[in-house]
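Okay, protein10.txt is below, compact mmCIF, C-alpha atoms (C1' of nucleotides):
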# COMPACT_ATOMS: atom_id res chain seq x y z
CA MET A 1 78.08 67.15 100.94
CA PRO A 2 77.28 68.91 97.75
CA THR A 3 80.16 71.40 97.91
CA PRO A 4 83.03 70.72 100.31
CA ASP A 5 84.69 73.58 102.18
CA ARG A 6 87.45 75.05 100.12
CA THR A 7 88.61 77.52 102.73
CA SER A 8 88.22 78.51 106.38
CA VAL A 9 88.21 81.57 108.58
CA ASP A 10 91.78 80.81 109.63
CA ALA A 11 92.99 80.58 106.06
CA ILE A 12 91.19 83.80 105.21
CA VAL A 13 92.74 85.65 108.13
CA ARG A 14 96.23 84.37 107.36
CA ALA A 15 95.84 85.35 103.73
CA GLY A 16 94.66 88.75 104.87
CA GLN A 17 97.73 89.19 107.07
CA ASP A 18 100.03 88.35 104.17
CA ILE A 19 98.27 90.69 101.79
CA LEU A 20 98.28 93.43 104.39
CA GLU A 21 102.05 93.29 104.72
CA SER A 22 102.72 93.12 101.00
CA ALA A 23 100.07 95.46 99.62
CA GLY A 24 99.08 97.67 102.53
CA ILE A 25 95.68 98.28 104.00
CA ALA A 26 94.39 99.70 100.72
CA GLY A 27 95.46 96.54 98.94
CA LEU A 28 93.57 94.40 101.39
CA THR A 29 90.48 93.93 99.23
CA MET A 30 88.02 91.08 99.37
CA GLN A 31 89.05 90.24 95.83
CA ALA A 32 92.73 89.95 96.76
CA VAL A 33 91.96 87.76 99.74
CA ALA A 34 89.69 85.54 97.67
CA ASP A 35 92.36 85.13 94.99
CA ARG A 36 94.89 84.05 97.58
CA VAL A 37 92.73 81.48 99.33
CA GLY A 38 91.47 80.18 96.00
CA VAL A 39 87.78 81.05 96.04
CA ARG A 40 85.63 83.77 94.51
CA ALA A 41 85.11 86.94 96.45
CA PRO A 42 81.43 86.44 97.28
CA SER A 43 82.23 83.15 99.01
CA LEU A 44 84.16 85.03 101.69
CA TYR A 45 80.90 86.47 102.95
CA LYS A 46 79.94 83.01 104.20
CA ARG A 47 82.86 83.20 106.66
CA VAL A 48 83.17 86.87 107.58
CA ARG A 49 80.44 89.43 107.87
CA ASN A 50 82.13 92.14 105.82
CA ARG A 51 85.49 93.78 105.25
CA ASP A 52 85.52 95.59 108.59
CA ASP A 53 84.95 92.28 110.31
CA LEU A 54 87.87 90.79 108.41
CA VAL A 55 90.13 93.68 109.40
CA ARG A 56 89.09 93.19 113.01
CA LEU A 57 89.92 89.48 112.86
CA ILE A 58 93.30 90.25 111.27
CA THR A 59 94.04 92.81 113.98
CA GLU A 60 93.20 90.41 116.77
CA ALA A 61 95.26 87.63 115.24
CA THR A 62 98.20 90.03 115.01
CA ILE A 63 97.81 91.05 118.64
CA ARG A 64 97.83 87.37 119.60
CA ASP A 65 101.01 86.86 117.57
CA LEU A 66 102.64 89.78 119.37
CA GLY A 67 101.47 88.45 122.73
CA GLU A 68 103.13 85.13 122.05
CA ARG A 69 106.45 86.81 121.38
CA LEU A 70 106.25 88.74 124.63
CA ALA A 71 104.98 85.91 126.79
CA VAL A 72 108.06 83.73 126.37
CA ILE A 73 110.37 86.45 127.67
CA VAL A 74 109.20 86.99 131.20
CA ALA A 75 110.39 84.49 133.78
CA GLY A 76 110.43 86.75 136.81
CA SER A 77 114.15 86.55 137.44
CA ASP A 78 115.75 89.81 136.35
CA PRO A 79 113.14 92.52 135.75
CA ARG A 80 115.58 95.02 134.33
CA ARG A 81 116.90 92.60 131.77
CA GLU A 82 113.41 91.41 130.97
CA LEU A 83 112.23 94.97 130.44
CA ALA A 84 114.98 95.42 127.86
CA GLU A 85 114.13 92.18 126.11
CA LEU A 86 110.43 92.96 126.05
CA ALA A 87 111.18 96.31 124.48
CA ARG A 88 113.47 94.78 121.86
CA ALA A 89 111.02 92.02 121.00
CA PHE A 90 108.25 94.60 120.68
CA ARG A 91 110.28 96.64 118.23
CA ALA A 92 111.41 93.58 116.28
CA PHE A 93 107.81 92.52 115.83
CA ALA A 94 106.85 95.95 114.56
CA HIS A 95 109.72 95.89 112.09
CA ALA A 96 108.86 92.41 110.86
CA ARG A 97 105.18 93.15 110.37
CA PRO A 98 104.77 96.91 110.19
CA ARG A 99 101.31 97.05 108.64
CA GLY A 100 99.84 94.59 111.08
CA TYR A 101 101.49 96.41 113.93
CA GLN A 102 100.09 99.74 112.79
CA LEU A 103 96.65 98.20 112.75
CA ILE A 104 96.82 97.43 116.47
CA PHE A 105 96.91 101.03 117.59
CA ALA A 106 95.22 102.56 114.58
CA PRO A 107 92.25 104.82 115.21
CA ARG A 108 89.11 102.83 114.65
CA SER A 109 86.10 103.83 112.63
CA ASP A 110 84.40 101.38 114.94
CA LEU A 111 83.68 102.87 118.35
CA ALA A 112 85.31 100.01 120.23
CA GLY A 113 89.01 100.25 120.93
CA PRO A 114 91.38 97.32 120.84
CA SER A 115 89.68 94.24 122.17
CA ILE A 116 90.31 92.26 125.29
CA VAL A 117 92.98 90.44 123.31
CA LEU A 118 95.32 93.38 123.80
CA THR A 119 94.87 93.23 127.54
CA HIS A 120 96.07 89.66 127.48
CA ALA A 121 99.02 90.45 125.22
CA VAL A 122 100.46 93.11 127.51
CA GLU A 123 100.16 91.02 130.64
CA PRO A 124 103.90 90.17 130.54
CA VAL A 125 104.66 93.88 130.65
CA LEU A 126 102.61 94.23 133.81
CA ARG A 127 104.49 91.36 135.40
CA VAL A 128 107.81 93.03 134.71
CA THR A 129 106.76 96.47 135.87
CA ALA A 130 105.30 94.97 139.04
CA ASN A 131 108.68 93.46 139.80
CA LEU A 132 110.50 96.63 138.87
CA ALA A 133 108.30 99.40 140.21
CA GLY A 134 106.22 97.56 142.75
CA GLU A 135 102.60 96.47 142.58
CA ASP A 136 101.34 99.94 143.43
CA HIS A 137 102.94 101.47 140.36
CA ALA A 138 102.75 98.48 138.03
CA LEU A 139 99.96 99.89 135.87
CA ASP A 140 101.35 103.42 135.58
CA ALA A 141 104.80 102.03 134.83
CA ALA A 142 103.45 99.63 132.20
CA ARG A 143 101.63 102.50 130.54
CA THR A 144 104.78 104.59 130.51
CA LEU A 145 106.80 101.76 129.03
CA THR A 146 104.31 100.68 126.38
CA ALA A 147 103.58 104.28 125.44
CA TRP A 148 107.25 104.93 124.87
CA ALA A 149 107.86 101.73 122.91
CA ASN A 150 104.75 102.17 120.80
CA GLY A 151 105.51 105.82 120.17
CA PHE A 152 109.07 105.10 119.20
CA VAL A 153 108.33 102.41 116.65
CA SER A 154 105.32 104.29 115.34
CA MET A 155 107.45 107.32 114.64
CA GLU A 156 110.14 105.13 113.18
CA LEU A 157 107.70 103.40 110.84
CA ALA A 158 106.21 106.74 109.85
CA GLY A 159 109.66 108.05 108.98
CA ALA A 160 109.53 110.74 111.64
CA PHE A 161 113.15 110.48 112.80
CA LYS A 162 114.83 112.78 110.34
CA LEU A 163 117.48 114.50 112.40
CA GLY A 164 120.11 111.86 111.92
CA GLY A 165 121.77 110.08 114.77
CA ASP A 166 121.70 106.37 115.43
CA VAL A 167 118.10 105.24 115.86
CA ASP A 168 119.06 101.83 117.26
CA GLN A 169 121.16 103.54 119.85
CA ALA A 170 118.37 105.99 120.65
CA TYR A 171 116.16 103.01 121.42
CA GLU A 172 118.77 101.50 123.74
CA TYR A 173 119.14 104.89 125.40
CA GLY A 174 115.40 104.91 126.03
CA ILE A 175 115.47 101.40 127.45
CA ALA A 176 118.22 102.31 129.88
CA ARG A 177 116.61 105.58 130.95
CA LEU A 178 113.19 103.98 131.44
CA ALA A 179 114.57 101.09 133.37
CA ASP A 180 116.27 103.56 135.71
CA ALA A 181 113.19 105.71 135.92
CA LEU A 182 110.74 102.94 136.69
CA ALA A 183 112.87 101.05 139.18
CA ARG A 184 111.67 101.92 142.61
CA MET B 1 88.96 139.87 85.70
CA PRO B 2 86.30 137.71 84.26
CA THR B 3 85.80 135.54 87.34
CA PRO B 4 87.17 136.78 90.65
CA ASP B 5 88.71 134.33 93.12
CA ARG B 6 86.05 132.89 95.35
CA THR B 7 88.39 130.88 97.49
CA SER B 8 92.07 130.31 98.27
CA VAL B 9 94.44 127.56 99.26
CA ASP B 10 94.31 128.78 102.85
CA ALA B 11 90.53 128.67 102.96
CA ILE B 12 90.56 125.20 101.42
CA VAL B 13 93.06 123.91 103.95
CA ARG B 14 91.16 125.39 106.88
CA ALA B 15 87.92 123.91 105.60
CA GLY B 16 89.69 120.59 105.25
CA GLN B 17 90.90 120.75 108.84
CA ASP B 18 87.39 121.40 110.10
CA ILE B 19 85.88 118.61 108.05
CA LEU B 20 88.61 116.25 109.15
CA GLU B 21 87.79 116.79 112.80
CA SER B 22 84.05 116.54 112.36
CA ALA B 23 83.76 113.80 109.75
CA GLY B 24 87.03 111.91 109.93
CA ILE B 25 89.50 111.17 107.18
CA ALA B 26 86.91 109.23 105.19
CA GLY B 27 84.57 112.20 105.31
CA LEU B 28 87.26 114.47 103.93
CA THR B 29 86.05 114.36 100.33
CA MET B 30 86.66 116.97 97.68
CA GLN B 31 82.90 117.44 97.53
CA ALA B 32 82.67 118.17 101.26
CA VAL B 33 85.53 120.67 101.09
CA ALA B 34 84.01 122.38 98.08
CA ASP B 35 80.64 122.69 99.82
CA ARG B 36 82.25 124.31 102.82
CA VAL B 37 84.31 126.87 100.94
CA GLY B 38 81.38 127.63 98.63
CA VAL B 39 82.59 126.47 95.25
CA ARG B 40 82.03 123.42 93.08
CA ALA B 41 84.33 120.45 93.53
CA PRO B 42 86.18 120.74 90.21
CA SER B 43 87.29 124.26 91.10
CA LEU B 44 89.42 122.90 93.91
CA TYR B 45 91.74 121.35 91.37
CA LYS B 46 92.89 124.82 90.37
CA ARG B 47 94.37 125.22 93.85
CA VAL B 48 95.49 121.73 94.88
CA ARG B 49 96.82 118.99 92.69
CA ASN B 50 94.63 116.21 94.03
CA ARG B 51 93.24 114.82 97.27
CA ASP B 52 96.58 113.46 98.49
CA ASP B 53 98.08 116.89 98.02
CA LEU B 54 95.26 118.40 100.07
CA VAL B 55 95.81 115.89 102.87
CA ARG B 56 99.50 116.76 102.84
CA LEU B 57 98.74 120.46 103.11
CA ILE B 58 96.32 119.82 105.97
CA THR B 59 98.91 117.72 107.78
CA GLU B 60 101.59 120.37 107.45
CA ALA B 61 99.24 123.12 108.60
CA THR B 62 98.39 121.01 111.65
CA ILE B 63 102.05 120.45 112.44
CA ARG B 64 102.59 124.20 112.25
CA ASP B 65 99.67 124.75 114.63
CA LEU B 66 101.18 122.28 117.07
CA GLY B 67 104.58 123.89 116.74
CA GLU B 68 103.13 127.27 117.67
CA ARG B 69 101.67 125.85 120.86
CA LEU B 70 105.00 124.35 121.84
CA ALA B 71 107.15 127.31 120.88
CA VAL B 72 105.62 129.70 123.39
CA ILE B 73 106.44 127.44 126.31
CA VAL B 74 110.20 127.25 126.26
CA ALA B 75 112.06 130.17 127.79
CA GLY B 76 115.16 128.36 128.99
CA SER B 77 114.64 129.00 132.66
CA ASP B 78 113.45 125.81 134.31
CA PRO B 79 113.91 122.79 132.02
CA ARG B 80 112.08 120.38 134.29
CA ARG B 81 109.02 122.55 134.48
CA GLU B 82 109.18 123.28 130.78
CA LEU B 83 109.36 119.58 129.99
CA ALA B 84 106.15 119.08 131.93
CA GLU B 85 104.42 121.95 130.21
CA LEU B 86 105.53 120.80 126.78
CA ALA B 87 104.13 117.36 127.48
CA ARG B 88 100.83 118.75 128.72
CA ALA B 89 100.46 121.10 125.77
CA PHE B 90 101.22 118.26 123.41
CA ARG B 91 98.50 116.11 124.92
CA ALA B 92 96.02 118.97 125.04
CA PHE B 93 96.55 119.61 121.34
CA ALA B 94 95.97 115.95 120.52
CA HIS B 95 92.75 115.98 122.54
CA ALA B 96 91.51 119.15 120.92
CA ARG B 97 92.22 117.99 117.38
CA PRO B 98 92.53 114.21 117.44
CA ARG B 99 92.10 113.55 113.71
CA GLY B 100 94.61 116.16 112.70
CA TYR B 101 97.01 114.89 115.32
CA GLN B 102 96.67 111.32 114.11
CA LEU B 103 97.50 112.50 110.61
CA ILE B 104 100.90 113.77 111.73
CA PHE B 105 102.30 110.37 112.60
CA ALA B 106 100.11 108.31 110.32
CA PRO B 107 101.81 105.88 108.00
CA ARG B 108 102.02 107.43 104.57
CA SER B 109 101.12 105.86 101.28
CA ASP B 110 103.54 108.42 100.01
CA LEU B 111 107.15 107.37 100.49
CA ALA B 112 108.15 110.57 102.19
CA GLY B 113 107.76 110.81 105.93
CA PRO B 114 106.66 113.92 107.77
CA SER B 115 108.14 116.95 106.16
CA ILE B 116 110.71 119.40 107.37
CA VAL B 117 107.86 121.18 109.10
CA LEU B 118 107.91 118.57 111.86
CA THR B 119 111.57 119.17 112.47
CA HIS B 120 110.83 122.80 113.10
CA ALA B 121 107.87 122.02 115.37
CA VAL B 122 109.88 119.84 117.75
CA GLU B 123 112.73 122.30 118.07
CA PRO B 124 111.45 123.49 121.47
CA VAL B 125 111.71 119.93 122.73
CA LEU B 126 115.34 119.80 121.71
CA ARG B 127 116.01 123.04 123.56
CA VAL B 128 114.55 121.63 126.75
CA THR B 129 116.30 118.28 126.54
CA ALA B 130 119.59 120.02 125.83
CA ASN B 131 119.17 121.96 129.06
CA LEU B 132 118.05 118.89 130.97
CA ALA B 133 120.26 116.12 129.61
CA GLY B 134 123.12 118.06 128.10
CA GLU B 135 123.91 118.75 124.46
CA ASP B 136 125.43 115.32 123.97
CA HIS B 137 122.19 113.58 124.84
CA ALA B 138 119.73 116.18 123.60
CA LEU B 139 118.64 114.24 120.54
CA ASP B 140 118.30 110.86 122.25
CA ALA B 141 116.45 112.47 125.11
CA ALA B 142 114.12 114.35 122.77
CA ARG B 143 113.35 111.12 120.96
CA THR B 144 112.59 109.37 124.21
CA LEU B 145 110.31 112.16 125.35
CA THR B 146 108.42 112.62 122.09
CA ALA B 147 108.10 108.88 121.60
CA TRP B 148 106.53 108.53 125.02
CA ALA B 149 104.17 111.48 124.62
CA ASN B 150 103.13 110.45 121.13
CA GLY B 151 102.68 106.84 122.16
CA PHE B 152 100.64 107.79 125.17
CA VAL B 153 98.16 110.02 123.39
CA SER B 154 98.00 107.69 120.39
CA MET B 155 97.00 104.82 122.64
CA GLU B 156 94.61 107.05 124.48
CA LEU B 157 92.93 108.19 121.28
CA ALA B 158 92.76 104.62 120.03
CA GLY B 159 91.05 103.56 123.24
CA ALA B 160 93.86 101.24 124.22
CA PHE B 161 93.88 102.02 127.95
CA LYS B 162 91.27 99.59 129.15
CA LEU B 163 92.62 98.43 132.48
CA GLY B 164 91.12 101.22 134.52
CA GLY B 165 93.16 103.53 136.64
CA ASP B 166 93.45 107.27 136.27
CA VAL B 167 94.81 108.08 132.82
CA ASP B 168 95.50 111.72 133.67
CA GLN B 169 97.53 110.60 136.63
CA ALA B 170 99.35 108.01 134.53
CA TYR B 171 100.45 110.85 132.25
CA GLU B 172 101.71 112.89 135.18
CA TYR B 173 103.52 109.81 136.45
CA GLY B 174 105.22 109.50 133.08
CA ILE B 175 106.20 113.16 133.09
CA ALA B 176 107.79 112.87 136.51
CA ARG B 177 109.63 109.64 135.72
CA LEU B 178 110.94 110.91 132.41
CA ALA B 179 112.08 114.19 133.87
CA ASP B 180 114.05 112.24 136.47
CA ALA B 181 115.39 109.82 133.91
CA LEU B 182 116.55 112.42 131.42
CA ALA B 183 118.09 114.82 133.89
CA ARG B 184 121.80 114.30 133.84
C1' DG C 1 79.25 76.35 100.26
C1' DT C 2 80.56 78.10 95.95
C1' DC C 3 79.57 79.99 91.83
C1' DT C 4 78.20 83.74 87.99
C1' DA C 5 76.26 87.96 87.33
C1' DT C 6 75.20 92.26 88.75
C1' DA C 7 73.44 96.01 91.61
C1' DT C 8 74.94 100.03 94.11
C1' DT C 9 77.43 103.53 95.56
C1' DT C 10 80.85 106.64 95.95
C1' DC C 11 84.37 109.42 94.69
C1' DG C 12 88.31 111.28 92.21
C1' DA C 13 89.37 113.64 88.24
C1' DT C 14 88.86 115.71 83.47
C1' DA C 15 86.76 118.29 79.31
C1' DG C 16 85.24 122.23 77.58
C1' DA C 17 81.99 126.35 77.74
C1' DC C 18 81.79 130.94 79.69
C1' DG D 1 88.82 130.79 87.80
C1' DT D 2 84.44 128.73 88.02
C1' DC D 3 80.98 126.28 86.13
C1' DT D 4 78.04 122.00 84.15
C1' DA D 5 78.35 117.53 82.69
C1' DT D 6 80.41 113.31 82.68
C1' DC D 7 83.84 109.88 82.68
C1' DG D 8 86.25 106.20 84.77
C1' DA D 9 87.45 103.20 88.16
C1' DA D 10 86.98 100.61 92.05
C1' DA D 11 85.21 97.95 95.51
C1' DT D 12 81.56 96.25 98.71
C1' DA D 13 77.83 93.45 98.87
C1' DT D 14 73.63 90.79 97.29
C1' DA D 15 70.59 87.52 94.41
C1' DG D 16 69.76 83.30 92.91
C1' DA D 17 71.31 78.99 90.33
C1' DC D 18 73.66 74.62 91.25

With the file now loaded, output its structure as structure tokens.
Amino acid sequence: MPTPDRTSVDAIVRAGQDILESAGIAGLTMQAVADRVGVRAPSLYKRVRNRDDLVRLITEATIRDLGERLAVIVAGSDPRRELAELARAFRAFAHARPRGYQLIFAPRSDLAGPSIVLTHAVEPVLRVTANLAGEDHALDAARTLTAWANGFVSMELAGAFKLGGDVDQAYEYGIARLADALAR
Amino acid sequence: MPTPDRTSVDAIVRAGQDILESAGIAGLTMQAVADRVGVRAPSLYKRVRNRDDLVRLITEATIRDLGERLAVIVAGSDPRRELAELARAFRAFAHARPRGYQLIFAPRSDLAGPSIVLTHAVEPVLRVTANLAGEDHALDAARTLTAWANGFVSMELAGAFKLGGDVDQAYEYGIARLADALAR
DNA sequence: GTCTATATTTCGATAGAC
DNA sequence: GTCTATCGAAATATAGAC
């Protein structure tokens, strides 16, 4: 062993997530990541192909993190309550890690959309909407729910709610209305 | 008049909108805009402060374009039908000009969120939700509706709907459910 | 696998003549 | 107001020694 490993893909991705939240996507440079994991920038290219590849890995790790938060909520008992808790957990995640969240649904230069990882992460939503709206409408209902939640927090993070009013309460209003609307 | 004006802010912004749609935000360089309007790049700085300023102007022009599409729909007669038509026009605009649309709700490096222009553009939505849900719930209902529509087309443009099914029909499903849910 | 050194490229922005 | 010429700055990525 001439030169032992001083870092790893996992450490690089975690460092990238931290830098993303603190410095934004523009601050996520190979140099910044290298500084944080304690190697020189060129060494990163032994672990990741290039910067786009790193951004992809960071995005997928973030989707997995979100999926874990959602997965623990659904037990199958009370779909209406679980819908509300899914929605609140979704928003809380976006508030806690806004830059990573924005990466999930960001338009890609790459042609491929969000990976299969996203499909896995939203599986709890499908379980709830199946219970609430029935199997036949589970997919349409899940798309309605996730579209609303994603749109709401995206607009919130972008500072698009400028007409006053209580934004927290607007979110609870949406939860209640959607739960009514999707219940068969 | 030693040197007559060979371009204008309007021409620059329109050129920027075209380049944005064809080449993406990364392709929106001062050089590309200058080529299209027929001047040299440094001349642009007599009209716009810098690239960020140009992007801001392009975003606001796009919001105004969207607002014009929405404004012609609302007559006050049938709120449920008008809600559906607003939603469809919103989605059609996003499909026709995806990059410009994505700019509207994109996270800003700038601290300021979308300008007052957006407030004006969504005014038709408020008129419809006031008729549908009552004045007391007009704002919450408008936020629910715009969040859903924005979230839906954002996910669509990002390629996030990967579980099959008919996406057009999922949108119509959402329209119907939201119209029910928001009607008082 | 990590390092130093550097190539490359690209683009935003300015200076000053006309 | 537009032009030529150029600066300045940054960041990705590679080459080759150890």

Closest contacts (chain B/chain A, max 7 Å, all atoms listed in the file) as a tab-separated table:
residue	atom	partner	partner_atom	distance
B:Phe105	CA	A:Ala158	CA	6.0
B:Ala106	CA	A:Ala158	CA	6.3
B:Pro107	CA	A:Ala158	CA	4.8
B:Arg108	CA	A:Ala158	CA	6.8
B:Gly113	CA	A:Gly159	CA	4.5
B:Pro114	CA	A:Ala160	CA	5.8
B:Asp140	CA	A:Ala170	CA	5.1
B:Thr144	CA	A:Gly174	CA	5.6
B:Ala147	CA	A:Gly151	CA	4.3
B:Trp148	CA	A:Trp148	CA	3.7
B:Asn150	CA	A:Gly151	CA	5.3
B:Gly151	CA	A:Gly151	CA	3.6
B:Phe152	CA	A:Ala147	CA	4.6
B:Met155	CA	A:Phe105	CA	6.3
B:Leu157	CA	A:Pro107	CA	7.0
B:Ala158	CA	A:Pro107	CA	4.9
B:Gly159	CA	A:Gly113	CA	4.5
B:Ala160	CA	A:Pro114	CA	5.7
B:Ala170	CA	A:Asp140	CA	5.1
B:Tyr173	CA	A:Asp140	CA	6.8
B:Gly174	CA	A:Thr144	CA	5.6
B:Arg177	CA	A:Ala181	CA	5.3
B:Leu178	CA	A:Ala181	CA	6.7
B:Asp180	CA	A:Ala181	CA	6.6
B:Ala181	CA	A:Ala181	CA	5.1
B:Leu182	CA	A:Arg177	CA	6.9

Per residue of chain A within 10 Å of chain D, note the shortest atom pair and the distance in Å to one decimal, counting all atoms listed in the file, and order the rows by chain and increasing residue number, as a Markdown table.
| residue | atom | partner | partner_atom | distance |
| --- | --- | --- | --- | --- |
| A:Pro2 | CA | D:DC18 | C1' | 9.4 |
| A:Thr3 | CA | D:DC18 | C1' | 9.8 |
| A:Thr29 | CA | D:DA11 | C1' | 7.6 |
| A:Met30 | CA | D:DT12 | C1' | 8.3 |
| A:Gln31 | CA | D:DA11 | C1' | 8.6 |
| A:Pro42 | CA | D:DA13 | C1' | 8.0 |
| A:Tyr45 | CA | D:DA13 | C1' | 8.6 |
| A:Asn50 | CA | D:DT12 | C1' | 8.2 |
| A:Arg51 | CA | D:DT12 | C1' | 8.0 |

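Proximity ranking of A:Gly16, A:Gly134, A:Pro4, A:Pro79 relative to chain C places A:Pro4 first, based on all atoms listed in the file.
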
Requested in this report: Could you tell me how far CA of Ala34 (chain A) lies from CA of Tyr101 (chain A), in Å and to one decimal?
Outcome: 22.8 Å

Could you give me, as CSV, every chain A residue with an atom at most 10 Å from chain C, plus its closest atom pair and distance in Å to one decimal, counting all atoms listed in the file, rows ordered by chain then number?
residue,atom,partner,partner_atom,distance
A:Met1,CA,C:DG1,C1',9.3
A:Pro2,CA,C:DG1,C1',8.1
A:Thr3,CA,C:DG1,C1',5.6
A:Pro4,CA,C:DG1,C1',6.8
A:Asp5,CA,C:DG1,C1',6.4
A:Arg6,CA,C:DG1,C1',8.3
A:Thr7,CA,C:DG1,C1',9.8
A:Val39,CA,C:DT2,C1',7.8
A:Arg40,CA,C:DC3,C1',7.6
A:Ala41,CA,C:DT2,C1',10.0
A:Pro42,CA,C:DT2,C1',8.5
A:Ser43,CA,C:DT2,C1',6.1
A:Leu44,CA,C:DT2,C1',9.7
A:Lys46,CA,C:DG1,C1',7.8

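Going from CA of Leu57 (chain B) over to CA of Ala15 (chain B), you cover 11.6 Å.
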
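Relative to CA of Val125 (chain B), CA of Ser77 (chain B) is found at 13.8 Å.
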
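Among the candidates A:Thr129, A:Ala92, A:Ala23, A:Arg14, the one nearest to Asp78 (chain A) when counting only C-alpha atoms is A:Thr129.
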